[in-house]
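Trainee: work.cif is reproduced below (mmCIF, C-alpha atoms).
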```cif
data_target
loop_
_atom_site.label_atom_id
_atom_site.label_comp_id
_atom_site.auth_asym_id
_atom_site.auth_seq_id
_atom_site.Cartn_x
_atom_site.Cartn_y
_atom_site.Cartn_z
CA MET G 1 8.77 -27.08 7.57
CA MET G 2 8.18 -25.35 4.24
CA ILE G 3 4.51 -26.22 4.24
CA THR G 4 4.22 -24.48 7.63
CA VAL G 5 5.94 -21.40 6.20
CA GLY G 6 3.55 -21.44 3.24
CA VAL G 7 0.46 -21.78 5.43
CA LEU G 8 1.71 -19.08 7.82
CA ALA G 9 2.43 -16.74 4.88
CA LEU G 10 -1.14 -17.23 3.64
CA VAL G 11 -2.45 -16.55 7.16
CA VAL G 12 -0.36 -13.36 7.25
CA PHE G 13 -1.83 -12.41 3.86
CA VAL G 14 -5.38 -12.82 5.22
CA LEU G 15 -4.56 -10.96 8.44
CA CYS G 16 -2.99 -8.08 6.48
CA GLY G 17 -6.26 -7.87 4.55
CA VAL G 18 -8.20 -7.71 7.82
CA VAL G 19 -5.95 -4.98 9.24
CA TYR G 20 -6.19 -2.99 5.99
CA GLU G 21 -9.95 -3.13 6.24
CA LEU G 22 -9.79 -1.99 9.87
CA PHE G 23 -7.74 1.06 8.83
CA ARG G 24 -10.42 1.87 6.27
CA ASP G 25 -13.11 1.47 8.94
CA VAL G 26 -11.24 3.82 11.28
CA ARG G 27 -10.97 6.39 8.48
CA GLN G 28 -14.69 6.05 7.79
CA LEU G 29 -15.46 6.57 11.49
CA ARG G 30 -13.21 9.64 11.58
CA ASP G 31 -14.97 10.95 8.50
CA VAL G 32 -18.42 10.41 10.05
CA ALA G 33 -17.29 11.99 13.31
CA GLY G 34 -16.09 15.04 11.38
CA ILE G 35 -12.49 14.81 12.53
CA LEU G 36 -11.01 13.96 9.15
CA ASP G 37 -9.58 16.78 7.05
CA ARG G 38 -11.19 19.46 9.16
CA PRO G 39 -9.50 22.69 8.15
CA LEU G 40 -10.01 25.75 10.33
CA ASN G 41 -10.14 29.21 8.83
CA VAL G 42 -7.45 31.47 10.23
CA GLU G 43 -8.49 35.09 10.73
CA ILE G 44 -5.84 37.13 8.95
CA ARG G 45 -7.43 40.58 9.35
CA ASP G 46 -4.86 43.24 8.30
CA VAL G 47 -2.69 40.70 6.51
CA ALA G 48 -5.40 40.15 3.88
CA GLY G 49 -4.72 42.04 0.66
CA THR G 50 -1.08 42.76 1.47
CA ARG G 51 2.02 41.79 -0.50
CA PRO G 52 3.77 38.59 0.72
CA SER G 53 7.21 40.21 0.44
CA ALA G 54 6.19 42.72 3.13
CA TYR G 55 6.61 39.88 5.65
CA GLY G 56 9.89 38.56 4.27
CA LEU G 57 8.38 36.00 1.92
CA PRO G 58 10.07 35.66 -1.51
CA GLU G 59 9.37 38.62 -3.82
CA ALA G 60 8.43 36.23 -6.62
CA LEU G 61 5.17 35.64 -4.73
CA ASP G 62 4.20 39.28 -5.31
CA SER G 63 3.76 38.52 -8.99
CA ALA G 64 2.20 35.04 -8.58
CA ALA G 65 -1.29 34.73 -10.04
CA SER G 66 -2.13 31.92 -7.63
CA ALA G 67 0.06 30.24 -5.03
CA LEU G 68 -0.11 28.50 -1.71
CA VAL G 69 2.40 29.24 1.06
CA LEU G 70 2.60 26.42 3.58
CA PHE G 71 4.09 27.13 6.99
CA LEU G 72 5.62 24.04 8.58
CA SER G 73 7.41 23.66 11.88
CA ASP G 74 9.97 21.12 12.97
CA ARG G 75 8.00 20.62 16.17
CA CYS G 76 4.55 19.55 14.95
CA GLY G 77 3.58 16.00 14.03
CA THR G 78 1.21 16.96 11.22
CA CYS G 79 3.98 19.07 9.67
CA ARG G 80 6.19 16.00 9.62
CA ALA G 81 3.47 13.97 7.94
CA LEU G 82 3.02 16.73 5.36
CA ALA G 83 6.77 16.99 4.75
CA ALA G 84 6.94 13.23 4.26
CA GLY G 85 4.02 13.50 1.84
CA LEU G 86 5.89 15.97 -0.37
CA GLU G 87 8.05 13.06 -1.51
CA ARG G 88 11.16 15.09 -2.26
CA HIS G 89 9.60 17.60 -4.64
CA LEU G 90 7.42 20.67 -4.39
CA PRO G 91 4.27 20.53 -6.49
CA PRO G 92 3.66 23.54 -8.77
CA GLY G 93 2.12 26.47 -6.96
CA LEU G 94 3.31 25.40 -3.51
CA TRP G 95 5.80 27.42 -1.46
CA VAL G 96 7.02 26.21 1.89
CA VAL G 97 8.26 28.15 4.90
CA LEU G 98 9.96 25.94 7.46
CA GLU G 99 10.09 27.37 10.95
CA ALA G 100 12.81 25.77 13.03
CA GLN G 101 14.22 26.21 16.51
CA SER G 102 17.76 26.37 15.15
CA ALA G 103 19.70 26.03 11.92
CA ASP G 104 20.76 22.61 13.11
CA SER G 105 17.21 21.37 13.69
CA ALA G 106 16.15 22.81 10.31
CA ALA G 107 18.94 20.91 8.59
CA LYS G 108 17.95 17.73 10.43
CA PHE G 109 14.29 18.18 9.45
CA LEU G 110 15.17 18.72 5.79
CA GLU G 111 17.56 15.80 5.80
CA SER G 112 15.15 13.39 7.46
CA PHE G 113 12.51 14.06 4.77
CA GLU G 114 15.07 14.29 1.97
CA LEU G 115 14.09 17.90 1.28
CA THR G 116 17.62 19.30 1.38
CA ARG G 117 17.77 19.60 -2.41
CA MET G 118 14.66 21.78 -2.32
CA THR G 119 16.56 24.56 -0.58
CA GLU G 120 18.13 25.31 -3.98
CA ASP G 121 14.61 26.12 -5.10
CA SER G 122 13.50 29.58 -3.94
CA ARG G 123 10.11 28.06 -3.08
CA LEU G 124 11.48 26.58 0.15
CA VAL G 125 12.39 29.14 2.78
CA VAL G 126 13.95 28.23 6.10
CA ASP G 127 12.85 30.65 8.80
CA VAL G 128 15.10 29.84 11.73
CA THR G 129 14.14 32.68 14.00
CA GLY G 130 10.46 32.56 13.11
CA ALA G 131 10.78 36.12 11.77
CA ILE G 132 8.28 35.68 8.91
CA ALA G 133 5.64 34.05 11.11
CA GLY G 134 6.29 36.73 13.75
CA ARG G 135 5.65 39.57 11.27
CA ILE G 136 2.43 37.91 10.13
CA GLY G 137 1.38 37.15 13.70
CA LEU G 138 1.17 33.41 13.09
CA ASP G 139 1.60 31.13 16.08
CA MET G 140 0.44 27.77 14.80
CA THR G 141 1.42 25.28 12.13
CA PRO G 142 0.72 23.79 9.67
CA VAL G 143 -1.08 26.73 8.10
CA SER G 144 -1.40 27.64 4.44
CA PHE G 145 -1.81 31.14 3.04
CA ARG G 146 -3.44 31.52 -0.34
CA VAL G 147 -1.91 34.18 -2.55
CA GLU G 148 -4.09 35.52 -5.36
CA ASP G 149 -2.80 38.06 -7.85
CA GLY G 150 0.26 38.73 -5.73
CA LYS G 151 -1.71 39.43 -2.56
CA ILE G 152 -2.47 37.30 0.50
CA ALA G 153 -6.12 36.30 0.23
CA SER G 154 -6.91 33.78 3.00
CA ALA G 155 -5.43 31.22 5.38
CA THR G 156 -6.47 27.85 6.75
CA THR G 157 -4.94 25.11 8.83
CA VAL G 158 -3.78 22.08 6.85
CA PRO G 159 -4.85 18.90 8.62
CA SER G 160 -3.55 16.36 6.09
CA LYS G 161 -1.68 15.72 2.89
CA ARG G 162 -5.02 14.91 1.25
CA TYR G 163 -6.33 18.36 2.10
CA LEU G 164 -3.09 20.08 1.08
CA PHE G 165 -3.15 18.51 -2.36
CA SER G 166 -6.84 19.35 -2.76
CA ILE G 167 -6.23 23.08 -2.26
CA LEU G 168 -3.14 23.44 -4.43
CA PRO G 169 -3.62 25.87 -7.29
CA LYS G 170 -4.54 23.85 -10.34
CA PRO G 171 -2.98 24.90 -13.63
CA ILE G 172 -5.69 25.83 -16.09
CA SER G 173 -4.76 24.98 -19.64
CA LEU G 174 -6.41 25.84 -22.92
CA ARG G 175 -8.03 23.11 -24.90
CA PRO G 176 -6.21 22.23 -28.13
CA ALA G 177 -6.62 25.05 -30.63
CA GLN G 178 -8.75 24.44 -33.70
CA ARG G 179 -6.80 25.03 -36.84
CA MET G 180 -8.43 27.48 -39.21
CA ARG G 181 -8.62 26.45 -42.81
CA GLU G 182 -7.27 28.79 -45.42
CA GLY G 183 -9.74 31.50 -46.32
CA GLU G 184 -11.67 31.14 -43.01
CA THR G 185 -12.05 34.16 -40.79
CA TRP G 186 -12.56 34.18 -37.07
CA GLN G 187 -16.05 35.10 -35.91
CA SER G 188 -16.97 36.06 -32.44
CA THR G 189 -19.53 33.79 -30.77
CA THR G 190 -20.60 36.37 -28.26
CA MET L 1 9.07 -24.64 -21.98
CA ALA L 2 9.08 -26.10 -18.46
CA ILE L 3 9.94 -22.70 -16.95
CA LEU L 4 7.13 -21.01 -18.85
CA ALA L 5 4.68 -23.74 -17.84
CA THR L 6 5.74 -23.39 -14.19
CA ALA L 7 5.25 -19.62 -14.44
CA VAL L 8 1.77 -20.12 -15.92
CA ALA L 9 0.87 -22.58 -13.15
CA LEU L 10 2.16 -20.30 -10.39
CA GLY L 11 0.48 -17.23 -11.86
CA GLY L 12 -2.84 -19.07 -11.95
CA ALA L 13 -2.28 -20.47 -8.45
CA SER L 14 -1.54 -17.00 -7.05
CA LEU L 15 -4.66 -15.52 -8.64
CA LEU L 16 -6.89 -18.30 -7.36
CA LEU L 17 -5.34 -18.27 -3.88
CA TRP L 18 -5.76 -14.49 -3.67
CA ALA L 19 -9.36 -14.65 -4.86
CA GLY L 20 -10.23 -17.68 -2.72
CA LEU L 21 -8.72 -16.30 0.49
CA GLU L 22 -10.34 -12.89 -0.02
CA LYS L 23 -13.73 -14.52 -0.60
CA ALA L 24 -13.21 -16.84 2.38
CA ARG L 25 -13.03 -13.79 4.67
CA ASP L 26 -16.56 -12.81 3.66
CA PRO L 27 -18.46 -15.73 2.09
CA ALA L 28 -21.78 -13.92 2.61
CA SER L 29 -20.90 -11.39 -0.10
CA THR L 30 -20.26 -14.22 -2.57
CA ALA L 31 -23.67 -15.71 -1.72
CA SER L 32 -25.22 -12.26 -2.14
CA THR L 33 -23.64 -11.87 -5.60
CA LEU L 34 -24.99 -15.28 -6.61
CA ARG L 35 -28.48 -14.28 -5.43
CA GLN L 36 -28.20 -11.08 -7.48
CA LEU L 37 -27.50 -13.28 -10.49
CA GLY L 38 -30.94 -14.83 -10.02
CA LEU L 39 -30.03 -17.97 -8.09
CA SER L 40 -32.30 -19.13 -5.27
CA ALA L 41 -31.04 -18.72 -1.71
CA THR L 42 -30.31 -22.46 -1.45
CA LEU L 43 -28.39 -22.53 -4.72
CA ALA L 44 -26.51 -19.39 -3.73
CA ASN L 45 -25.45 -21.04 -0.47
CA VAL L 46 -24.29 -24.11 -2.38
CA GLY L 47 -22.50 -21.81 -4.83
CA VAL L 48 -20.29 -20.59 -1.99
CA LEU L 49 -18.51 -23.92 -2.42
CA ILE L 50 -16.69 -22.16 -5.25
CA ILE L 51 -14.37 -20.78 -2.56
CA PRO L 52 -12.91 -24.15 -1.44
CA ALA L 53 -12.90 -25.18 -5.11
CA GLU L 54 -10.74 -22.16 -5.97
CA LEU L 55 -8.36 -22.92 -3.11
CA ALA L 56 -8.19 -26.61 -4.08
CA VAL L 57 -7.38 -25.81 -7.73
CA ALA L 58 -4.78 -23.26 -6.56
CA LEU L 59 -3.08 -25.91 -4.42
CA GLY L 60 -3.39 -28.34 -7.33
CA LEU L 61 -1.58 -25.84 -9.57
CA VAL L 62 1.23 -25.65 -7.02
CA PHE L 63 1.61 -29.36 -6.21
CA ARG L 64 0.23 -31.13 -9.30
CA PRO L 65 0.14 -28.76 -12.26
CA ASP L 66 0.56 -31.77 -14.56
CA SER L 67 -2.65 -33.43 -13.36
CA ALA L 68 -5.59 -33.45 -15.75
CA VAL L 69 -7.88 -32.97 -12.72
CA THR L 70 -6.12 -29.71 -11.83
CA GLN L 71 -6.22 -28.46 -15.41
CA ALA L 72 -9.88 -29.44 -15.83
CA GLY L 73 -10.64 -27.78 -12.46
CA ALA L 74 -9.10 -24.51 -13.64
CA VAL L 75 -11.13 -24.58 -16.86
CA LEU L 76 -14.32 -25.46 -14.94
CA LEU L 77 -13.77 -22.57 -12.54
CA ALA L 78 -13.13 -20.17 -15.42
CA GLY L 79 -16.25 -21.57 -17.10
CA ALA L 80 -18.28 -20.94 -13.96
CA PHE L 81 -16.99 -17.36 -13.80
CA ALA L 82 -17.82 -16.88 -17.50
CA VAL L 83 -21.38 -18.16 -16.91
CA ALA L 84 -21.66 -15.72 -14.00
CA GLY L 85 -20.44 -12.93 -16.29
CA LEU L 86 -22.98 -13.93 -18.93
CA LEU L 87 -25.82 -14.04 -16.38
CA ALA L 88 -24.75 -10.61 -15.11
CA LEU L 89 -24.81 -9.17 -18.62
CA ARG L 90 -28.39 -10.41 -19.03
CA ARG L 91 -29.57 -8.73 -15.82
CA ASP L 92 -31.11 -5.28 -15.97
CA GLU L 93 -28.99 -4.00 -13.11
CA PRO L 94 -25.21 -4.33 -12.86
CA VAL L 95 -24.05 -7.03 -10.45
CA ARG L 96 -21.11 -6.16 -8.22
CA CYS L 97 -18.22 -8.54 -8.65
CA THR L 98 -16.87 -10.03 -5.44
CA CYS L 99 -14.25 -11.93 -7.41
CA PHE L 100 -11.41 -10.70 -5.17
CA GLY L 101 -13.49 -10.14 -2.04
CA SER L 102 -16.16 -7.66 -1.09
CA ARG L 103 -13.70 -4.75 -0.80
CA ARG L 104 -13.00 -4.57 -4.53
CA SER L 105 -15.18 -2.51 -6.81
CA GLY L 106 -16.17 -3.54 -10.32
CA TYR L 107 -18.99 -5.43 -11.92
CA LEU L 108 -19.45 -8.92 -13.30
CA GLY L 109 -19.68 -9.09 -17.06
CA ALA L 110 -17.48 -9.16 -20.13
CA ASN L 111 -14.22 -9.45 -18.14
CA GLN L 112 -15.23 -12.88 -16.85
CA LEU L 113 -16.18 -14.01 -20.35
CA VAL L 114 -12.87 -12.81 -21.78
CA ALA L 115 -10.92 -14.39 -18.89
CA LEU L 116 -12.12 -17.82 -19.99
CA VAL L 117 -9.75 -17.63 -22.98
CA PRO L 118 -6.46 -17.25 -21.04
CA TRP L 119 -7.58 -19.76 -18.41
CA ALA L 120 -8.43 -22.37 -21.04
CA GLY L 121 -5.25 -21.50 -22.95
CA GLY L 122 -3.14 -21.81 -19.82
CA ALA L 123 -4.68 -25.18 -18.93
CA ALA L 124 -4.11 -26.43 -22.47
CA PHE L 125 -0.52 -25.22 -22.33
CA LEU L 126 0.05 -27.07 -19.03
CA HIS L 127 -1.43 -30.20 -20.61
CA VAL L 128 0.87 -29.96 -23.63
CA ALA L 129 3.94 -28.95 -21.63
CA ASP L 130 3.91 -32.31 -19.86
CA LEU L 131 5.39 -30.92 -16.63
CA THR L 132 7.12 -33.18 -14.14
CA PRO L 133 5.26 -32.74 -10.83
CA PRO L 134 7.38 -31.18 -8.09
CA SER L 135 8.33 -33.35 -5.12
CA PRO L 136 6.20 -32.69 -2.00
CA SER L 137 9.05 -30.76 -0.35
CA ARG L 138 9.64 -28.68 -3.49
CA GLY L 139 5.88 -28.09 -3.80
CA ALA L 140 5.81 -26.90 -0.19
CA ALA L 141 8.71 -24.54 -0.91
CA ILE L 142 6.85 -23.17 -3.94
CA LEU L 143 3.71 -22.67 -1.83
CA ALA L 144 5.81 -20.83 0.75
CA GLY L 145 7.23 -18.63 -2.00
CA VAL L 146 3.78 -17.88 -3.43
CA GLY L 147 2.39 -17.16 0.05
CA LEU L 148 5.27 -14.86 0.98
CA THR L 149 4.98 -12.98 -2.32
CA MET L 150 1.25 -12.49 -1.79
CA ALA L 151 1.79 -11.35 1.80
CA GLY L 152 4.48 -8.93 0.59
CA ALA L 153 2.17 -7.53 -2.09
CA ARG L 154 -0.51 -7.04 0.55
CA LEU L 155 1.89 -5.23 2.86
CA ILE L 156 2.44 -2.35 0.41
CA PRO L 157 -1.11 -0.90 0.59
CA LEU L 158 -1.28 -1.82 4.26
CA LEU L 159 1.79 0.29 5.09
CA GLY L 160 0.29 3.19 3.11
CA ALA L 161 -2.99 2.88 5.04
CA TRP L 162 -1.11 2.68 8.33
CA ARG L 163 0.86 5.87 7.58
CA GLU L 164 -2.34 7.63 6.54
CA ALA L 165 -4.19 6.54 9.69
CA ARG L 166 -1.28 7.63 11.86
CA SER L 167 -1.09 11.06 10.25
CA ASP L 168 -4.89 11.42 10.57
CA ARG L 169 -4.62 10.61 14.28
CA LEU L 170 -1.79 13.11 14.84
CA SER L 171 -3.60 15.73 12.82
CA ALA L 172 -6.88 15.24 14.73
CA ARG L 173 -5.03 15.49 18.05
CA GLU L 174 -3.29 18.70 17.03
CA THR L 175 -6.52 20.15 15.66
CA TYR L 176 -8.13 19.60 19.05
CA LEU L 177 -5.18 21.28 20.73
CA TRP L 178 -5.73 24.34 18.54
CA LEU L 179 -9.46 24.30 19.24
CA HIS L 180 -8.89 24.32 22.98
CA GLN L 181 -6.25 27.04 22.93
#
```
Go ahead and render the structure in this file as structure tokens.

Mentor:
Amino acid sequence: MMITVGVLALVVFVLCGVVYELFRDVRQLRDVAGILDRPLNVEIRDVAGTRPSAYGLPEALDSAASALVLFLSDRCGTCRALAAGLERHLPPGLWVVLEAQSADSAAKFLESFELTRMTEDSRLVVDVTGAIAGRIGLDMTPVSFRVEDGKIASATTVPSKRYLFSILPKPISLRPAQRMREGETWQSTT
Amino acid sequence: MAILATAVALGGASLLLWAGLEKARDPASTASTLRQLGLSATLANVGVLIIPAELAVALGLVFRPDSAVTQAGAVLLAGAFAVAGLLALRRDEPVRCTCFGSRRSGYLGANQLVALVPWAGGAAFLHVADLTPPSPSRGAAILAGVGLTMAGARLIPLLGAWREARSDRLSARETYLWLHQ
């Protein structure tokens, strides 16, 4: 009996390997076909160059050097995949606006992806009536708006978690400072 | 001492089973690696016999870890891998390692040479530990445990790949909906 279990477990191991490879093949085919991570530019016309707070977005965005505002909806499948990919915390530079049909559905969405705690963070806004999206003129999700120097700069669709994480603003840090020895003076290299 | 020796035997068995089963799915890549090492096509085809040898030593480590044949088999396998590593280091071009199947990246070389030390050490430890061989039913239970653990370890990346593929499919479908709006 046990030997059968052992052999079957090893067969399952091999089959899991085969299926894993098939998933990789499918991804490769999607990549070749150009249907993997294919973001579409969203024409934002008059919205470009305006302050985010003008549309009801948090005022803190008006002073953000670089930020990404992600619009999610409780009705789209990709939004659910993205919400699941956030893994209970918002990465630096990312703000989320959740459009929901009702307060109840918003609560359910947040609860199902364990995002409820994020509502304490001002970077997650629940837009029950779709007022923010309505002011911007946005009728699709998931879409991200890039904010540069406190102004809306551009917008694209967000097809996957991979793409979302690739466009997040990256913190730029200084390299470790060189200590000056006593008596040394700073000289410009320009 | 006996517990440690059993752990060493099962660790070695798991590694060899994993490597052997992965190679068994694609023996051609093992033959290709052997050809890249400078072996003739015939010798490379014969060299593929390393796959059943790995599986046999793995089963030996589960059922008869006390046997000198099993211990010598483990050292011989590690020796063969070390020779392959040495041959690879002498080649002008890096030789891709298909140690754990063709999917893994990495090159043959110093790692295989270094691995000879723990393999030989482990075999020597099993020899000194003087383990009592498990009964056939206990051995079968151990094999089942090893197999289930390996299958479980394999499921983790598989579930991740499945979730990723599913979200890619949903995303592609929704993208096409937008395009046709």

Trainee: Which of these residues is nearest to chain G, using all atoms listed in the file: L:Ala123, L:Ala80, L:Gln112, L:Leu17?

Mentor: L:Leu17

Trainee: How many Å separate atom CA of L:His127 from atom CA of L:Ala68?

Mentor: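 Taking atom CA of L:His127 and atom CA of L:Ala68, their separation equals 7.2 Å.
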
Trainee: Could you tell me which residues the PyMOL selection byres ((chain L and resi 154-157) around 12) grabs in this file, written as a ChimeraX atom specification?

Mentor: /G:9-21,23-24 /L:18,22,147-153,158-164

Trainee: Would you output that residue set with C-alpha atoms, as a CSV table (one decimal), in the frame of the given file?

Mentor:
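Once everything was written out, this is again.csv:
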```
chain,number,residue,atom,x,y,z
G,9,ALA,CA,2.4,-16.7,4.9
G,10,LEU,CA,-1.1,-17.2,3.6
G,11,VAL,CA,-2.4,-16.6,7.2
G,12,VAL,CA,-0.4,-13.4,7.2
G,13,PHE,CA,-1.8,-12.4,3.9
G,14,VAL,CA,-5.4,-12.8,5.2
G,15,LEU,CA,-4.6,-11.0,8.4
G,16,CYS,CA,-3.0,-8.1,6.5
G,17,GLY,CA,-6.3,-7.9,4.6
G,18,VAL,CA,-8.2,-7.7,7.8
G,19,VAL,CA,-6.0,-5.0,9.2
G,20,TYR,CA,-6.2,-3.0,6.0
G,21,GLU,CA,-10.0,-3.1,6.2
G,23,PHE,CA,-7.7,1.1,8.8
G,24,ARG,CA,-10.4,1.9,6.3
L,18,TRP,CA,-5.8,-14.5,-3.7
L,22,GLU,CA,-10.3,-12.9,0.0
L,147,GLY,CA,2.4,-17.2,0.0
L,148,LEU,CA,5.3,-14.9,1.0
L,149,THR,CA,5.0,-13.0,-2.3
L,150,MET,CA,1.2,-12.5,-1.8
L,151,ALA,CA,1.8,-11.4,1.8
L,152,GLY,CA,4.5,-8.9,0.6
L,153,ALA,CA,2.2,-7.5,-2.1
L,158,LEU,CA,-1.3,-1.8,4.3
L,159,LEU,CA,1.8,0.3,5.1
L,160,GLY,CA,0.3,3.2,3.1
L,161,ALA,CA,-3.0,2.9,5.0
L,162,TRP,CA,-1.1,2.7,8.3
L,163,ARG,CA,0.9,5.9,7.6
L,164,GLU,CA,-2.3,7.6,6.5
```

Trainee: Considering only C-alpha atoms, extract the chain G residues located within 10 Å of chain L and return them as a ChimeraX atom specification.

Mentor: /G:1-24,26-27,30,34-40,76-82,85,140-142,157-162

Trainee: Can you tell me how far atom CA of L:Gly79 sits from atom CA of L:Leu4, in Å to one decimal?

Mentor: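 Calculated distance between atom CA of L:Gly79 and atom CA of L:Leu4 is 23.5 Å.
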
Trainee: Applied to this file, what does the PyMOL selection byres ((chain L and resi 64) around 10) return in terms of residues, put as a PyMOL selection string?

Mentor: chain L and resi 9+57-63+65-71+131-136+139

Trainee: Report as a list in words all protein, DNA and RNA residues lying within 7 Å of G:Ala48, evaluated on only C-alpha atoms, omitting residues in the same chain fewer than 2 positions from it.

Mentor: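 Everything that qualifies: Ile44, Arg45, Asp46, Thr50, Ile152, Ala153 and Ser154 of chain G.
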
Trainee: Export, as a tab-separated table (two decimals), in the frame of the given file, the selected residues with C-alpha atoms.

Mentor:
```
chain	number	residue	atom	x	y	z
G	44	ILE	CA	-5.84	37.13	8.95
G	45	ARG	CA	-7.43	40.58	9.35
G	46	ASP	CA	-4.86	43.24	8.30
G	50	THR	CA	-1.08	42.76	1.47
G	152	ILE	CA	-2.47	37.30	0.50
G	153	ALA	CA	-6.12	36.30	0.23
G	154	SER	CA	-6.91	33.78	3.00
```

Trainee: I'd like the contact shell of G:Thr129 - 8 Å cut-off, only C-alpha atoms, skipping same-chain residues fewer than 2 positions apart - returned as a list in words.

Mentor: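 Selected residues are Glu99, Ala100, Gln101, Ser102, Asp127 and Ala131 of chain G.
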
Trainee: Of the candidates G:Asp149, G:Ala133, G:Val143, G:Asp121, which shows the shortest atom-to-atom distance to G:Tyr163, using only C-alpha atoms?

Mentor: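 Looking at the shortest contact to G:Tyr163, the residue is G:Val143.
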
Trainee: Quote the spacing between atom CA of L:Gly85 and atom CA of L:Leu116 in Å to one decimal place.

Mentor: 10.3 Å

Trainee: With distances taken over only C-alpha atoms, which residue among G:Ala33, G:Ala83, G:Ala64, G:Leu57 lies nearest G:Leu164?

Mentor: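 Between G:Ala33, G:Ala83, G:Ala64, G:Leu57, the residue approaching G:Leu164 most closely is G:Ala83.
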
Trainee: So which one's closest to G:Pro169, G:Trp95, G:Phe71, G:Phe113, G:Tyr55? Using all atoms listed in the file, please.

Mentor: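 Going through G:Trp95, G:Phe71, G:Phe113, G:Tyr55 one by one, the smallest distance to G:Pro169 is for G:Trp95.
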
Trainee: Measuring between all atoms listed in the file, which one of L:Ala124, L:Leu89, L:Leu16, L:Cys97 shows the shortest distance to L:Ala72?

Mentor: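 Ranking L:Ala124, L:Leu89, L:Leu16, L:Cys97 by distance to L:Ala72, first place goes to L:Ala124.
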
Trainee: From the list G:Val147, G:Ser105, G:Asp31, G:His89, which residue is nearest G:Leu124 when using all atoms listed in the file?

Mentor: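 Smallest distance to G:Leu124 is found for G:His89.
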
Trainee: Which neighbours of G:Val125 fall inside 7 Å, counting only C-alpha atoms, when residues of the same chain fewer than 2 positions from it are skipped, and could you give them as a list in words?

Mentor: Val96, Val97, Leu98, Ser122, Arg123 and Asp127 of chain G

Trainee: Quick check on the file I pasted: which residues fall under the PyMOL selection byres ((chain L and resi 39-50) around 12)? Write them as a VMD selection string.

Mentor: chain L and resid 16 19 to 21 23 to 38 51 to 57 73 to 74 76 to 81 84 87 to 88 98 to 99

Trainee: I'd like the contact shell of G:Leu61 - 8 Å cut-off, all atoms listed in the file, skipping same-chain residues fewer than 6 positions apart - returned as a PyMOL selection string.

Mentor: chain G and resi 52-53+67+147+150
